[in-house]
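> Dumping the structure here so I can ask a few things about it.
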Amino acid sequence: MAQRPQGRIVDERAGQTEEARQEGAAEVAEGEARGEEGQEELLGAGSVGGLARGPLVPPEPPLTDGEIVLRLRRESDLPEIADASHDPETRRRLDDQPLTPERQRGSLARAEEQWRTGTGAPFVIADASDDRPLGLLNIQFADDDEAGMAVSVFPRARGRGIAPRAIRLGAEWGLRELGLRRVFAEAAADNTASIRALEKAGFRRRELLRDHCVTHGQRHDCVMASLVPEDLGLPS
Ligand SMILES: CC(C)(COP(=O)(O)OP(=O)(O)OC[C@H]1O[C@@H](n2cnc3c(N)ncnc32)[C@H](O)[C@@H]1OP(=O)(O)O)[C@@H](O)C(=O)NCCC(=O)NCCS
């Protein structure tokens with residue numbers, strides 16, 4: 001029987017805190033790329049449809065491992081997020097459109113909306129030493145029990161192990177603090193960098209899923225990798 005997440009959720013109207021809960025049926029759309037908000041709302045090669053869970057409180061203090069910090073998006077991040085949204089490899093791997101100046105204007109509000117509705121947890125990956133943005137991590141909630149992750153590291157910061165750190169921090173938060181039973185990510189079968197980043201984050205690979213993912217309207221093979229509480233030594 002599925003357990004409900006233990007994440008603390010604030011009812012803004014009542015100003016009260018309550019256990020996270022989600023009523024209604026969960027609709028998981030694995031393998032379907034749904035990014036339409038620019039690179040800021042990463043959804044990966046195949047992803048879950050966001051599911052409203054009620055307001056989700058961003059971790060405070062922000063999650064950090066001493067090298068990187070997962071924090072909220074700021075106005076000052078937007079130029080670098082927009083630049084990276086034009087990177088060819090990012091465009092190839094993610095279904096999102098480049099972040100135009102017009103779309104930049106609503107960017108912070110759209111991120112806040114994801115937190116407010118609990119559909120997703122959009123983090124900026126920042127350098128712990130100078131707070132400069134290095135990439136994006138988005139966690140999309142499939143249902144009470146599981147969430148999908150998508151990550152992008154800005155081109156200048158690749159190859160330094162940033163993605164594995166961010167994936168691990170975000171996944172541990174989901175499993176430990178929100179009580180998720182499974183955190184997963186899907187990567188195109190030929191996206192070696194993404195698959196390696198997931199492996200280094202401790203995710204375990206499942207079988208190849210043939211023609212499971214859709215990116216830019218094209219079906220393609222992908223692999224799914226996941227982390228579960230047992231991987232962290234937590235009780236099942
Ligand atoms: C996939 C991605 C997030 C990995 O981030 P990262 O912080 O560079 O990850 P790592 O530093 O751990 O490198 C992972 C692998 O990338 C490859 N890599 C190494 N240096 C690299 C560089 N300068 N540029 C690109 N890839 C590099 C290597 O295969 C490396 O594996 P290794 O450590 O076993 O050699 C990043 O390449 C990216 O943003 N790609 C575009 C978006 C994308 O594919 N997102 C995933 C969608 S499912």
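To be explicit about the labels: the chains of the structure tokens are called A, B, and onward in the order shown, and within each one the residues are counted from 1, while ligands get numbers from 1 in the order they are shown.
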Please identify every residue of range 151-221 of chain A that has at least one atom no farther than 10 Å from an atom of range 120-131 of chain A, counting only C-alpha atoms, and for each give the shortest atom pair and the distance in Å to one decimal, arranged by chain then increasing number, as CSV.

residue,atom,partner,partner_atom,distance
A:Val151,CA,A:Ile125,CA,9.3
A:Ser152,CA,A:Ile125,CA,9.1
A:Val153,CA,A:Ile125,CA,8.1
A:Phe154,CA,A:Ile125,CA,9.7
A:Ala157,CA,A:Asp127,CA,9.9
A:Ile162,CA,A:Ile125,CA,8.3
A:Ala163,CA,A:Ile125,CA,8.7
A:Arg165,CA,A:Ile125,CA,9.5
A:Ala166,CA,A:Ile125,CA,6.7
A:Ile167,CA,A:Ile125,CA,9.9
A:Gly170,CA,A:Phe123,CA,8.8
A:Gly174,CA,A:Ala121,CA,9.9
> What do you get as an NGL selection string if you pick all residues at most 6 Å from ligand 1, counting only C-alpha atoms and all ligand atoms?
:A and (44-45 or 89-90 or 93-94 or 150-154 or 158-164 or 186-187 or 192-194 or 196-197)
> Can you pull out the residues contacting range 200-203 of chain A? Cut-off 6 Å, using only C-alpha atoms, and skip same-chain residues under 4 positions away; I want them as a list in words.
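The residues that qualify are Pro164, Arg168, Ala225, Ser226 and Leu227 of chain A.
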> Using only C-alpha atoms, which residues sit within 7 Å of range 176-185 of chain A once same-chain residues fewer than 2 positions away are excluded, as number ranges by chain?
A: 5-7, 144-150, 171-174, 187, 224-229
> I need the residues from that last selection saved to file as a PDB file, in the first residue's frame (with N, CA and C atoms), if you can.

ATOM      1  N   PRO A   5       3.527  11.008   1.226  1.00  0.00           N
ATOM      2  CA  PRO A   5       4.756  11.719   1.556  1.00  0.00           C
ATOM      3  C   PRO A   5       4.631  12.439   2.893  1.00  0.00           C
ATOM      4  N   GLN A   6       5.771  12.567   3.571  1.00  0.00           N
ATOM      5  CA  GLN A   6       5.787  13.238   4.866  1.00  0.00           C
ATOM      6  C   GLN A   6       6.250  14.677   4.752  1.00  0.00           C
ATOM      7  N   GLY A   7       6.382  15.166   3.527  1.00  0.00           N
ATOM      8  CA  GLY A   7       6.855  16.536   3.343  1.00  0.00           C
ATOM      9  C   GLY A   7       5.908  17.531   3.983  1.00  0.00           C
ATOM     10  N   ASP A 144       1.927  10.497  -5.122  1.00  0.00           N
ATOM     11  CA  ASP A 144       2.422  10.624  -3.753  1.00  0.00           C
ATOM     12  C   ASP A 144       3.752   9.918  -3.545  1.00  0.00           C
ATOM     13  N   ASP A 145       4.002   8.907  -4.346  1.00  0.00           N
ATOM     14  CA  ASP A 145       5.110   8.005  -4.078  1.00  0.00           C
ATOM     15  C   ASP A 145       6.340   8.222  -4.928  1.00  0.00           C
ATOM     16  N   GLU A 146       6.176   8.812  -6.087  1.00  0.00           N
ATOM     17  CA  GLU A 146       7.361   8.900  -6.941  1.00  0.00           C
ATOM     18  C   GLU A 146       7.454  10.215  -7.690  1.00  0.00           C
ATOM     19  N   ALA A 147       8.687  10.510  -8.076  1.00  0.00           N
ATOM     20  CA  ALA A 147       8.950  11.748  -8.795  1.00  0.00           C
ATOM     21  C   ALA A 147      10.002  11.492  -9.859  1.00  0.00           C
ATOM     22  N   GLY A 148       9.893  12.251 -10.955  1.00  0.00           N
ATOM     23  CA  GLY A 148      10.882  12.179 -12.021  1.00  0.00           C
ATOM     24  C   GLY A 148      11.794  13.395 -11.965  1.00  0.00           C
ATOM     25  N   MET A 149      13.040  13.203 -12.361  1.00  0.00           N
ATOM     26  CA  MET A 149      14.010  14.299 -12.314  1.00  0.00           C
ATOM     27  C   MET A 149      14.536  14.603 -13.697  1.00  0.00           C
ATOM     28  N   ALA A 150      14.820  15.869 -13.941  1.00  0.00           N
ATOM     29  CA  ALA A 150      15.513  16.268 -15.168  1.00  0.00           C
ATOM     30  C   ALA A 150      16.594  17.268 -14.779  1.00  0.00           C
ATOM     31  N   ALA A 171      17.457  13.966  -4.995  1.00  0.00           N
ATOM     32  CA  ALA A 171      16.819  12.661  -4.773  1.00  0.00           C
ATOM     33  C   ALA A 171      16.753  12.333  -3.283  1.00  0.00           C
ATOM     34  N   GLU A 172      17.837  12.639  -2.558  1.00  0.00           N
ATOM     35  CA  GLU A 172      17.818  12.355  -1.111  1.00  0.00           C
ATOM     36  C   GLU A 172      16.764  13.194  -0.404  1.00  0.00           C
ATOM     37  N   TRP A 173      16.615  14.429  -0.841  1.00  0.00           N
ATOM     38  CA  TRP A 173      15.580  15.286  -0.249  1.00  0.00           C
ATOM     39  C   TRP A 173      14.194  14.655  -0.478  1.00  0.00           C
ATOM     40  N   GLY A 174      13.960  14.202  -1.693  1.00  0.00           N
ATOM     41  CA  GLY A 174      12.673  13.596  -2.006  1.00  0.00           C
ATOM     42  C   GLY A 174      12.399  12.340  -1.189  1.00  0.00           C
ATOM     43  N   ALA A 187      16.788   8.751 -19.568  1.00  0.00           N
ATOM     44  CA  ALA A 187      17.802   9.358 -20.445  1.00  0.00           C
ATOM     45  C   ALA A 187      17.793   8.623 -21.778  1.00  0.00           C
ATOM     46  N   MET A 224      15.811   3.943 -18.015  1.00  0.00           N
ATOM     47  CA  MET A 224      15.294   4.540 -16.797  1.00  0.00           C
ATOM     48  C   MET A 224      16.194   4.116 -15.644  1.00  0.00           C
ATOM     49  N   ALA A 225      16.518   5.059 -14.799  1.00  0.00           N
ATOM     50  CA  ALA A 225      17.329   4.753 -13.620  1.00  0.00           C
ATOM     51  C   ALA A 225      16.611   5.314 -12.400  1.00  0.00           C
ATOM     52  N   SER A 226      16.792   4.662 -11.278  1.00  0.00           N
ATOM     53  CA  SER A 226      16.026   5.106 -10.103  1.00  0.00           C
ATOM     54  C   SER A 226      16.819   4.938  -8.817  1.00  0.00           C
ATOM     55  N   LEU A 227      16.353   5.663  -7.819  1.00  0.00           N
ATOM     56  CA  LEU A 227      16.890   5.562  -6.464  1.00  0.00           C
ATOM     57  C   LEU A 227      15.697   5.331  -5.539  1.00  0.00           C
ATOM     58  N   VAL A 228      15.846   4.379  -4.621  1.00  0.00           N
ATOM     59  CA  VAL A 228      14.755   4.060  -3.691  1.00  0.00           C
ATOM     60  C   VAL A 228      15.290   4.157  -2.263  1.00  0.00           C
ATOM     61  N   PRO A 229      14.414   4.217  -1.264  1.00  0.00           N
ATOM     62  CA  PRO A 229      14.884   4.409   0.118  1.00  0.00           C
ATOM     63  C   PRO A 229      15.933   3.384   0.556  1.00  0.00           C
TER      64      PRO A 229
END
> In Å, with one decimal, what is the gap from CA of Gln104 in chain A to CA of Leu134 in chain A?
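So the two atoms, CA of Gln104 in chain A and CA of Leu134 in chain A, lie 17.7 Å apart.
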> Using only C-alpha atoms, determine which residues lie at most 9 Å from Arg210 in chain A, disregarding the query and same-chain residues fewer than 4 positions distant; provide the list as a list in words.
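Surrounding residues, per the criterion: Arg219, His220, Asp221, Cys222 and Val223 of chain A.
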> Residues as selected, C-alpha atoms, written as a PDB file, in the first residue's frame, can you do that?

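Contents of the output file part-v7.pdb:
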ATOM      1  CA  ARG A 219      10.174   8.380 -30.254  1.00  0.00           C
ATOM      2  CA  HIS A 220      13.479   6.902 -29.171  1.00  0.00           C
ATOM      3  CA  ASP A 221      15.003   4.293 -26.917  1.00  0.00           C
ATOM      4  CA  CYS A 222      15.809   5.378 -23.391  1.00  0.00           C
ATOM      5  CA  VAL A 223      16.942   3.959 -20.104  1.00  0.00           C
TER       6      VAL A 223
END
> Under the rule that only C-alpha atoms are counted, which of A:Gly66, A:Leu56, A:Leu209, A:Leu169 is the nearest residue to Ala188 in chain A?
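When distances to Ala188 in chain A are compared using only C-alpha atoms, the smallest one comes from A:Leu209.
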> In Å, with one decimal, what is the gap from CA of Gly217 in chain A to CA of Ala189 in chain A?
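CA of Gly217 in chain A sits 16.4 Å away from CA of Ala189 in chain A.
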> Determine which residues of range 107-217 of chain A DSSP labels as strand (DSSP E or B) from the backbone of this structure, then write them out as an MDAnalysis selection string.
chainID A and resid 120:127 133:141 146:153 182:188 204:215
> Between A:Ala82, A:Leu72, A:Leu136, A:Leu234, which residue has the minimum interatomic distance to Leu108 in chain A, considering only C-alpha atoms?
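Using only C-alpha atoms, Leu108 in chain A sits closest to A:Leu72.
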> Could you tell me which of A:Ser236, A:Gln218, A:Gln140, A:Thr64 comes closest to Gln114 in chain A if we count only C-alpha atoms?
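Closest candidate: A:Gln140.
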